[in-house]
Structures are given as structure tokens and as C-alpha cells.
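Listing of target.txt, compact mmCIF, C-alpha atoms
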```txt
# COMPACT_ATOMS: atom_id res chain seq x y z
CA MET A 239 -37.52 73.70 -5.98
CA ALA A 240 -36.19 70.16 -5.74
CA TYR A 241 -32.89 69.17 -4.14
CA GLN A 242 -32.28 72.50 -2.37
CA GLN A 243 -31.47 70.79 0.94
CA GLU A 244 -29.14 68.34 -0.80
CA ARG A 245 -27.35 71.20 -2.49
CA TYR A 246 -27.04 73.13 0.79
CA VAL A 247 -25.65 70.14 2.69
CA ALA A 248 -23.29 69.28 -0.18
CA GLU A 249 -21.95 72.85 -0.33
CA LEU A 250 -21.43 73.06 3.42
CA ALA A 251 -19.86 69.59 3.56
CA VAL A 252 -17.43 70.39 0.76
CA GLN A 253 -16.61 73.76 2.33
CA ARG A 254 -15.80 72.12 5.68
CA ALA A 255 -13.69 69.42 3.98
CA CYS A 256 -11.71 72.15 2.20
CA LEU A 257 -10.75 73.56 5.62
CA LEU A 258 -9.14 70.20 6.34
CA THR A 259 -7.35 69.85 3.00
CA GLN A 260 -5.90 73.34 3.35
CA LYS A 261 -4.81 72.61 6.90
CA VAL A 262 -3.05 69.44 5.71
CA PHE A 263 -1.38 71.36 2.88
CA PHE A 264 -0.07 74.16 5.07
CA GLU A 265 1.17 71.77 7.75
CA LYS A 266 2.83 69.67 5.07
CA ALA A 267 4.36 72.78 3.49
CA LYS A 268 5.86 73.69 6.84
CA GLY A 269 7.27 70.20 7.23
CA THR A 270 5.18 69.07 10.19
CA VAL A 271 3.56 66.15 8.38
CA SER A 272 5.64 63.12 7.34
CA LYS A 273 8.01 63.82 4.43
CA ASP A 274 6.74 60.81 2.48
CA ASP A 275 5.19 62.47 -0.59
CA LYS A 276 2.11 60.28 -0.54
CA SER A 277 1.41 60.92 3.11
CA PRO A 278 -0.17 64.42 2.91
CA VAL A 279 -2.50 63.30 0.12
CA THR A 280 -3.44 60.16 2.04
CA ILE A 281 -4.20 62.19 5.17
CA GLY A 282 -6.25 64.73 3.22
CA ASP A 283 -8.12 62.04 1.26
CA PHE A 284 -9.17 60.00 4.28
CA GLY A 285 -9.93 63.02 6.44
CA ALA A 286 -12.05 64.82 3.83
CA GLN A 287 -13.92 61.59 3.07
CA ALA A 288 -14.76 61.12 6.75
CA LEU A 289 -16.05 64.69 7.14
CA ILE A 290 -18.22 64.56 4.02
CA ILE A 291 -19.70 61.11 4.65
CA GLN A 292 -20.55 62.17 8.20
CA ALA A 293 -22.55 65.11 6.79
CA ILE A 294 -24.40 62.85 4.32
CA ARG A 295 -25.18 60.30 7.03
CA LYS A 296 -26.52 63.02 9.36
CA ASN A 297 -28.90 64.42 6.74
CA PHE A 298 -29.67 61.55 4.38
CA PRO A 299 -29.09 58.38 6.40
CA ASN A 300 -30.53 55.98 3.82
CA ASP A 301 -28.53 57.22 0.83
CA GLU A 302 -25.68 55.17 -0.62
CA ILE A 303 -22.17 56.54 -1.09
CA VAL A 304 -19.56 55.66 -3.70
CA ALA A 305 -16.21 56.98 -2.48
CA GLU A 306 -12.60 56.42 -3.39
CA GLU A 307 -11.14 55.33 -0.04
CA GLU A 308 -11.77 52.58 2.50
CA ALA A 309 -10.29 52.26 5.97
CA SER A 310 -8.69 48.79 6.09
CA SER A 311 -5.17 50.18 5.57
CA LEU A 312 -5.74 52.72 8.34
CA ARG A 313 -6.81 50.06 10.79
CA GLU A 314 -3.43 48.41 10.18
CA ASP A 315 -1.41 51.65 10.32
CA LYS A 316 -2.22 53.06 13.75
CA ASN A 317 0.22 55.97 13.40
CA LEU A 318 -1.37 57.18 10.17
CA SER A 319 -4.86 56.77 11.62
CA ALA A 320 -3.86 58.78 14.70
CA GLU A 321 -2.36 61.53 12.53
CA ILE A 322 -5.55 61.80 10.45
CA TRP A 323 -7.67 61.88 13.59
CA ARG A 324 -5.47 64.63 15.08
CA LEU A 325 -6.23 66.82 12.05
CA VAL A 326 -9.90 65.86 11.61
CA LYS A 327 -11.13 66.15 15.20
CA ASP A 328 -10.82 69.94 15.41
CA ILE A 329 -12.12 70.83 11.95
CA LYS A 330 -15.33 72.82 12.17
CA LEU A 331 -17.11 75.64 10.42
CA GLU A 332 -16.87 78.88 12.39
CA ASP A 333 -20.64 79.27 12.23
CA ALA A 334 -22.06 76.85 14.82
CA GLN A 335 -25.43 76.52 13.09
CA SER A 336 -23.80 75.53 9.79
CA ASP A 337 -21.49 73.09 11.55
CA ASN A 338 -24.44 71.51 13.36
CA VAL A 339 -26.16 70.93 10.01
CA LEU A 340 -23.21 68.66 9.19
CA GLY A 341 -23.36 66.79 12.48
CA GLY A 342 -20.72 68.72 14.43
CA PRO A 343 -17.44 67.03 15.36
CA ILE A 344 -16.89 63.32 14.68
CA ALA A 345 -17.15 61.45 17.99
CA SER A 346 -13.93 59.41 18.01
CA GLU A 347 -11.10 57.96 15.93
CA GLU A 348 -12.96 54.63 15.71
CA ALA A 349 -16.11 56.44 14.55
CA MET A 350 -13.99 58.19 11.90
CA LEU A 351 -12.76 54.83 10.55
CA ASP A 352 -16.30 53.43 10.49
CA ILE A 353 -17.53 56.52 8.61
CA ILE A 354 -14.74 56.24 6.01
CA ASP A 355 -15.87 52.66 5.35
CA GLU A 356 -19.39 53.79 4.43
CA GLY A 357 -18.28 54.74 0.92
CA LYS A 358 -18.33 51.22 -0.47
CA SER A 359 -21.58 51.28 -2.46
CA ALA A 360 -21.36 49.48 -5.79
CA GLY A 361 -23.40 52.23 -7.46
CA GLY A 362 -25.94 51.31 -10.11
CA PRO A 363 -29.12 52.44 -11.87
CA LYS A 364 -31.50 52.74 -8.90
CA GLY A 365 -31.80 54.91 -5.80
CA ARG A 366 -29.90 57.86 -4.37
CA ILE A 367 -26.14 57.51 -4.62
CA TRP A 368 -23.54 60.13 -3.67
CA ALA A 369 -20.25 60.04 -5.63
CA LEU A 370 -17.37 61.47 -3.61
CA ASP A 371 -13.79 62.28 -4.54
CA PRO A 372 -12.25 63.78 -1.39
CA ILE A 373 -9.12 65.09 -3.17
CA ASP A 374 -9.26 65.04 -6.96
CA GLY A 375 -5.89 66.01 -8.45
CA THR A 376 -3.36 64.62 -5.98
CA LYS A 377 -0.32 66.00 -7.81
CA GLY A 378 -1.90 69.43 -8.02
CA PHE A 379 -2.61 69.27 -4.29
CA LEU A 380 1.00 68.38 -3.48
CA ARG A 381 2.48 71.22 -5.51
CA GLY A 382 -0.01 73.82 -4.31
CA GLY A 383 -1.74 73.87 -7.69
CA GLN A 384 -5.26 72.89 -8.64
CA TYR A 385 -7.16 70.20 -6.84
CA ALA A 386 -10.84 69.77 -6.04
CA VAL A 387 -13.11 68.32 -3.37
CA CYS A 388 -15.99 66.84 -5.38
CA LEU A 389 -19.43 65.57 -4.42
CA GLY A 390 -22.31 64.62 -6.70
CA LEU A 391 -25.76 63.14 -6.05
CA ILE A 392 -26.96 60.61 -8.61
CA VAL A 393 -30.65 59.63 -8.49
CA ASP A 394 -31.76 56.63 -10.55
CA GLY A 395 -28.64 56.99 -12.69
CA ASP A 396 -29.02 60.74 -13.34
CA VAL A 397 -26.84 63.41 -11.70
CA LYS A 398 -29.10 65.82 -9.83
CA VAL A 399 -26.71 67.82 -7.60
CA GLY A 400 -23.03 68.70 -7.78
CA ALA A 401 -20.70 70.62 -5.47
CA ILE A 402 -16.99 71.21 -6.04
CA GLY A 403 -14.58 73.09 -3.80
CA THR A 404 -11.45 74.43 -5.49
CA PRO A 405 -9.32 76.02 -2.76
CA ASN A 406 -6.62 77.28 -5.15
CA LEU A 407 -8.76 78.60 -8.01
CA PRO A 408 -8.95 82.42 -8.13
CA VAL A 409 -12.21 83.93 -6.91
CA ASP A 410 -12.05 86.35 -9.86
CA ASP A 411 -13.59 84.62 -12.90
CA ALA A 412 -11.42 86.69 -15.23
CA ALA A 413 -8.08 85.95 -13.52
CA PRO A 414 -5.65 84.13 -15.82
CA ILE A 415 -5.04 80.53 -14.74
CA ASP A 416 -2.46 77.88 -15.49
CA ALA A 417 -0.91 74.83 -13.83
CA SER A 418 1.02 77.00 -11.36
CA THR A 419 -2.00 79.05 -10.24
CA GLY A 420 -2.23 78.79 -6.47
CA SER A 421 1.34 77.60 -5.98
CA GLN A 422 2.33 80.84 -4.25
CA GLN A 423 -0.73 80.57 -2.05
CA THR A 424 -1.06 81.89 1.43
CA SER A 425 -3.97 81.18 3.70
CA THR A 426 -5.23 84.72 3.06
CA SER A 427 -4.87 84.70 -0.74
CA ALA A 428 -7.74 85.65 -3.06
CA ASN A 429 -8.27 82.02 -4.01
CA GLY A 430 -10.90 79.47 -3.12
CA VAL A 431 -14.18 78.92 -4.97
CA LEU A 432 -17.19 76.71 -4.26
CA PHE A 433 -19.19 75.68 -7.33
CA SER A 434 -22.56 73.96 -7.30
CA ALA A 435 -25.47 73.04 -9.52
CA VAL A 436 -28.89 71.43 -9.32
CA GLN A 437 -30.56 69.90 -12.37
CA ASN A 438 -32.68 72.51 -14.17
CA GLU A 439 -31.76 75.20 -11.59
CA GLY A 440 -28.50 76.49 -13.10
CA ALA A 441 -24.94 76.62 -11.77
CA THR A 442 -23.43 79.01 -9.23
CA SER A 443 -20.11 79.94 -7.72
CA ARG A 444 -19.22 81.61 -4.44
CA PRO A 445 -15.99 82.22 -2.53
CA LEU A 446 -15.09 79.44 -0.08
CA SER A 447 -15.49 80.62 3.49
CA ASN A 448 -14.77 79.31 6.99
CA GLY A 449 -18.36 79.59 8.23
CA THR A 450 -21.71 80.16 6.56
CA LEU A 451 -21.94 79.99 2.78
CA ALA A 452 -20.79 83.20 1.09
CA GLU A 453 -23.10 84.97 -1.36
CA SER A 454 -23.42 83.08 -4.65
CA LYS A 455 -23.68 84.24 -8.23
CA SER A 456 -24.92 82.52 -11.34
CA ILE A 457 -22.24 81.26 -13.76
CA SER A 458 -22.39 80.35 -17.41
CA MET A 459 -20.09 79.32 -20.22
CA ARG A 460 -18.96 82.20 -22.38
CA PRO A 461 -20.31 82.60 -25.91
CA VAL A 462 -17.80 81.55 -28.59
CA PRO A 463 -19.01 82.86 -31.98
CA ASP A 464 -15.96 81.40 -33.77
CA ILE A 465 -14.62 78.03 -32.61
CA ALA A 466 -11.10 79.06 -33.67
CA GLN A 467 -11.18 81.56 -30.79
CA ALA A 468 -11.93 78.85 -28.20
CA VAL A 469 -9.50 77.90 -25.42
CA PHE A 470 -8.83 74.31 -24.40
CA CYS A 471 -8.55 73.13 -20.80
CA GLU A 472 -6.70 69.88 -20.35
CA GLY A 473 -4.96 67.83 -17.70
CA VAL A 474 -1.42 68.48 -16.52
CA GLU A 475 -0.61 64.77 -16.32
CA ALA A 476 0.07 63.11 -19.67
CA ALA A 477 -1.01 59.80 -18.14
CA HIS A 478 -4.57 61.10 -17.74
CA SER A 479 -5.27 62.48 -21.20
CA ALA A 480 -3.67 62.08 -24.60
CA GLN A 481 -2.17 65.57 -25.02
CA GLY A 482 -0.87 64.90 -28.53
CA ASP A 483 -4.36 63.97 -29.66
CA ASN A 484 -5.75 67.06 -27.90
CA ALA A 485 -3.32 69.23 -29.88
CA ALA A 486 -4.36 67.55 -33.13
CA VAL A 487 -8.04 68.23 -32.34
CA ALA A 488 -7.22 71.87 -31.61
CA GLU A 489 -5.33 72.17 -34.89
CA ARG A 490 -8.21 70.63 -36.83
CA LEU A 491 -10.59 73.19 -35.29
CA GLY A 492 -8.21 76.06 -36.07
CA ILE A 493 -7.65 76.78 -32.37
CA THR A 494 -4.28 78.45 -31.83
CA ALA A 495 -4.52 79.75 -28.25
CA PRO A 496 -2.32 77.74 -25.86
CA SER A 497 -4.17 75.18 -23.75
CA VAL A 498 -4.78 75.90 -20.08
CA ARG A 499 -3.44 72.91 -18.15
CA LEU A 500 -5.02 72.21 -14.77
CA ASP A 501 -5.32 69.21 -12.49
CA SER A 502 -8.67 67.86 -11.29
CA GLN A 503 -12.32 68.78 -11.88
CA ALA A 504 -11.18 72.41 -11.64
CA LYS A 505 -11.23 72.07 -15.45
CA TYR A 506 -14.99 71.53 -15.47
CA CYS A 507 -15.39 74.51 -13.13
CA SER A 508 -13.15 76.74 -15.23
CA ILE A 509 -15.05 76.22 -18.47
CA ALA A 510 -18.39 76.50 -16.63
CA ARG A 511 -17.53 80.07 -15.60
CA GLY A 512 -15.97 81.05 -18.94
CA ALA A 513 -12.27 80.72 -18.06
CA GLY A 514 -11.72 78.34 -20.97
CA ASP A 515 -14.22 76.72 -23.31
CA ILE A 516 -13.47 73.08 -24.14
CA TYR A 517 -12.29 70.26 -21.88
CA LEU A 518 -10.97 67.10 -23.52
CA ARG A 519 -10.02 63.93 -21.67
CA LEU A 520 -9.15 61.63 -24.54
CA PRO A 521 -8.44 57.97 -23.80
CA VAL A 522 -4.83 57.06 -23.08
CA LYS A 523 -5.47 53.33 -22.66
CA LYS A 524 -8.09 51.30 -24.52
CA ASP A 525 -9.44 49.47 -21.50
CA TYR A 526 -9.45 52.35 -18.97
CA GLN A 527 -12.81 53.07 -17.36
CA GLU A 528 -13.34 56.51 -15.85
CA LYS A 529 -14.54 56.58 -12.23
CA ILE A 530 -17.92 58.15 -11.56
CA TRP A 531 -16.54 60.29 -8.72
CA ASP A 532 -14.10 61.94 -11.14
CA HIS A 533 -16.93 63.33 -13.28
CA ALA A 534 -20.37 63.40 -11.63
CA ALA A 535 -20.19 66.86 -10.03
CA GLY A 536 -18.31 68.44 -12.95
CA ASP A 537 -20.77 66.97 -15.45
CA ILE A 538 -23.82 68.68 -13.94
CA ILE A 539 -22.02 71.98 -13.24
CA VAL A 540 -20.99 72.30 -16.90
CA ARG A 541 -24.38 71.22 -18.24
CA GLU A 542 -26.21 73.64 -15.96
CA ALA A 543 -23.84 76.43 -17.09
CA GLY A 544 -24.92 75.91 -20.70
CA GLY A 545 -22.48 73.24 -21.79
CA GLN A 546 -22.66 69.69 -22.98
CA VAL A 547 -20.65 66.76 -21.60
CA THR A 548 -20.33 63.54 -23.59
CA ASP A 549 -17.87 60.78 -24.36
CA ILE A 550 -15.73 60.78 -27.51
CA TYR A 551 -18.65 59.34 -29.52
CA GLY A 552 -21.01 62.13 -28.45
CA ASN A 553 -22.98 60.00 -25.98
CA ARG A 554 -23.98 61.42 -22.59
CA LEU A 555 -22.00 60.08 -19.65
CA GLU A 556 -23.86 57.18 -18.02
CA PHE A 557 -23.63 57.19 -14.23
CA SER A 558 -25.88 54.12 -13.84
CA LYS A 559 -23.30 51.40 -14.57
CA GLY A 560 -21.68 51.06 -11.15
CA ARG A 561 -18.53 52.72 -9.84
CA THR A 562 -17.19 53.46 -13.34
CA LEU A 563 -18.39 55.04 -16.59
CA ALA A 564 -18.30 51.55 -18.12
CA ALA A 565 -20.45 52.56 -21.11
CA ASN A 566 -18.29 55.55 -22.08
CA LYS A 567 -14.81 56.26 -23.45
CA GLY A 568 -13.15 59.58 -22.72
CA VAL A 569 -14.83 62.92 -21.99
CA VAL A 570 -15.59 65.95 -24.16
CA ALA A 571 -17.09 69.06 -22.55
CA ALA A 572 -17.88 72.19 -24.56
CA PRO A 573 -20.54 74.87 -25.09
CA LYS A 574 -23.66 73.23 -26.53
CA ALA A 575 -23.31 75.16 -29.79
CA LEU A 576 -19.78 73.81 -30.38
CA GLN A 577 -20.13 70.24 -29.14
CA ASP A 578 -20.88 68.63 -32.50
CA GLN A 579 -17.90 70.33 -34.16
CA VAL A 580 -15.59 69.22 -31.37
CA ILE A 581 -16.88 65.63 -31.48
CA ASP A 582 -16.44 65.54 -35.28
CA ALA A 583 -12.82 66.66 -34.91
CA VAL A 584 -12.22 64.11 -32.14
CA LYS A 585 -13.61 61.32 -34.33
CA VAL A 586 -11.29 62.26 -37.20
CA VAL A 587 -8.19 62.50 -35.00
CA LEU A 588 -8.93 59.23 -33.17
CA LYS A 589 -10.05 57.52 -36.41
CA LEU A 590 -13.39 56.52 -34.90
```
Would you give me this structure, written as C-alpha cells?
Amino acid sequence: MAYQQERYVAELAVQRACLLTQKVFFEKAKGTVSKDDKSPVTIGDFGAQALIIQAIRKNFPNDEIVAEEEASSLREDKNLSAEIWRLVKDIKLEDAQSDNVLGGPIASEEAMLDIIDEGKSAGGPKGRIWALDPIDGTKGFLRGGQYAVCLGLIVDGDVKVGAIGTPNLPVDDAAPIDASTGSQQTSTSANGVLFSAVQNEGATSRPLSNGTLAESKSISMRPVPDIAQAVFCEGVEAAHSAQGDNAAVAERLGITAPSVRLDSQAKYCSIARGAGDIYLRLPVKKDYQEKIWDHAAGDIIVREAGGQVTDIYGNRLEFSKGRTLAANKGVVAAPKALQDQVIDAVKVVLKL
């Protein structure tokens, strides 16, 4: 089976990075990280990026990486760099063999900065390119709600592997979720899920752990015989998706259940395991281009769970155009059997 090693490394790398993001959150919650609201996210973003790129470099040294952050600001802000290094240097998986797969500890603060800077690939249609979002859903992260650590492998423009860690999503597929899920979290709560998929191999979920990978199970979107019974997942932030248009689409489809509002690619994960059915990210601004790292992993996880992911015109997302989805507008994800109905409703509401 193809891409099994890539999936394994991606899962372990995301799992280790989630240890860091949770550490940053709990330290921040206890007031030991700077009170500046942006600071905890910045620390988590840079630190998680360093840990994941290190793992990719160790295992796939010739692959390119498209990541959100670069280290020039850190080189100028020595205090922030030192704080990130303090948190990153001791992060390791409790299973030594698994940690060694990822390259073990990063050698030094300078090495950490150099590793962060290896995420500058321009992307494109050829070769092996990893798309990394170290903390997707910054506002969710800050309030203890939903955020995701996301990693996808794109080969010749096609997503082949995806791994997403959602530290605050309930392990129980059937647990009710909303924007506040995870906000009462403790480090021993029953939350934390690692999702992954490989093209043509299906999608899985497993509880996040501190060491080796936990046992996985296959996931799939739930059957929805009547579209009026479907449940929408949408973003919490109005700036990210046109919620009024979403409501109009729901009304046109006869959907009356309240939308589940979550930050981050946790929305893709939720519908992939049947905790919700339809994810709409309708354009808020005409000229906005979605970033590939915000969608690559979620795209393959939903498609491998029996869904379809397209733009508002019904075209597949194109990950071959660089660092953005330049050829697409908006995102519509739904069970394959419902996709055409949802797209038709979107076109009417948006007057396409």
C-alpha cells in the first residue's frame, strides 16, 4: 500500500506537535506565558511548525514544505525566540522509538529557527509538497475551543496523505459538539483525536496519545436519506465564512437543525466521522484566495470518508496553483450523494 510511511510519520509528527500546543495552552491558561493575547498562538505556531518540519526533514529530506510561518521576526525578537525554544526543547513522545522516528529533540535554538524557515516552498503542480498549518483556528485555540494541527502531502498537485490533530474534539464520535466544546478542558479530559487518510485507503481516527499511536478505527460520513435532516458545520468567525448566506442555503434545502459552529479544520473532521454532514465556507470577499494549508488535509480526510469537497461552482479544489487555491472560490463539503443538491442551492443563493 502506497504512502504508509508518509502517513505514519505525519500522524506521529502531528501527535508530537499537539503535545506542544497543549503545553502552551495550559501554561498560558495559568498565566505563565506573556499576557499579550497573540503571544500564546505565536509560540504554539512557531513551535509546532519547527517540530513537524524536523520530522519531515528527517524522513523525507528532499520534499518541499509550504508552511504558514517564517522565522525572520523571531530572529529579531530574542525574548520570544528564547521562550519558544524553552517550550520546544523538552517536547518528546514518551515512546523513545516513536520519538526517534521523528528525529528526537531539536539540537539548538538556532537549529529551530533554521527549521522553521524551511517552510517557504512556493508550491506548484510538480513534486512532493507538504502543506502545514501548525495551529489552524487561532481564536479557538485561545479560548480552549476547537483548533487543529494540520499536515497534508500533495504529490504532483494531488493530495495523497492527510493528518489532523484536534486536541479538544471529543474522542466519542457521538458526543455533541459546539463552539464551546473543550473550553472546560483539563489535561486528562476525554478529548483529543488524531484523524488521517491516504488516497484510496480510507480515513481513520484514533485518540491522541503521548507515545505510540493509539489503535485506529475506520470513519465514514453518515448516511443522510433526506437532506432536510442534514446538519451544517460552519465557522465561528463571521470574517471567515458568510453565515447569512449559509443560513439561506440551509433554508433552501429545508434544513432546520441549528448549525454546529467550530473553528478550524475540525469541521472537516467532524463531518468525516458523522458529527455533522455539510461544511460550507462561502466567500466573504471577492478577491480572497484560500490557503492550501487550510484545506489539504481536511479535503482528503472527507473524500476518503465518503464525501465530496469542491468550490462553490462544484469544481474540485486545485492544490497545484501555488500556496493558495487560486483557481477556486469558497469550499463546499458534503456526502457525495448530497453534493449536487448543496451546490445547486449555493448557486441560487449566491446568484452564480
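Picture a line from atom CA of Asp333 of chain A to atom CA of Ile353 of chain A; it runs 23.2 Å.
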Would you pick out the contacts of Gln335 of chain A at 12 Å or less, using only C-alpha atoms, so that residues sharing its chain but fewer than 6 positions from it are not included, and give the list as a PyMOL selection string?
chain A and resi 250+341-342+449-451
Which polymer residues have any atom within 12 Å of an atom of Asp578 of chain A, counting all atoms listed in the file, with same-chain residues fewer than 5 positions away left out, as a VMD selection string?
chain A and resid 465 491 545 to 553 570 to 573 583 to 585
Who sits within 8 Å of Val387 of chain A, only C-alpha atoms, same chain under 3 positions skipped, as a ChimeraX atom specification
/A:252,255-256,371-374,402-404
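Minimum atom-to-atom distances from A:Ala309, A:Ile303, A:Val397, A:Ala452 to Tyr246 of chain A were compared using all atoms listed in the file, and the lowest value belongs to A:Ala452.
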So for segment 503-511 of chain A, what box centre and size do we get, axis-aligned, 4 Å extra on each of the six sides, every listed atom, Å to one decimal, as AutoDock Vina command-line options?
```
--center_x -14.8 --center_y 74.4 --center_z -15.1 --size_x 15.2 --size_y 19.3 --size_z 14.8
```
So the first atom is atom CA of Gly544 of chain A and the second is atom CA of Phe433 of chain A; what is the distance between them in Å, to one decimal place?
14.5 Å
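Compared by their closest atoms to Met239 of chain A, and using all atoms listed in the file, the residues A:Ile493, A:Val436, A:Leu312, A:Ala513 rank with A:Val436 nearest.
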Counting all atoms listed in the file, what is within 10 Å of Pro496 of chain A, bar same-chain residues fewer than 5 positions away, as a list in words?
Ala468, Val469, Phe470, Cys471, Ala485 and Ala488 of chain A
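The two atoms in question, atom CA of Asn406 of chain A and atom CA of Phe379 of chain A, are spaced 9.0 Å apart.
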Tell me, as a list of chain:residue names, which residues lie within 9 Å of Trp531 of chain A, counting only C-alpha atoms; anything in the same chain fewer than 5 positions away does not count.
A:Val304, A:Ala305, A:Glu306, A:Trp368, A:Ala369, A:Leu370, A:Asp371, A:Asp374, A:Cys388, A:Leu389, A:Gly390, A:Arg561, A:Thr562
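Among the candidate residues A:Ala534, A:Ile539, A:Ile354, A:Val393, the one lying nearest to Gly440 of chain A is A:Ile539, with distances computed using only C-alpha atoms.
Here the question is which of A:Gly473, A:Gly383, A:Pro405, A:Pro299 gets nearest to Ile367 of chain A using all atoms listed in the file, and that residue is A:Pro299.
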In terms of the shortest atom-to-atom distance over only C-alpha atoms, which of A:Val580, A:Val247, A:Val586, A:Leu563 is closest to Asp525 of chain A?
A:Leu563
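Residue nearest Ile344 of chain A within the list A:Ala565, A:Ile291, A:Ile392, A:Ile538: A:Ile291 [criterion: smallest interatomic distance, all atoms listed in the file].
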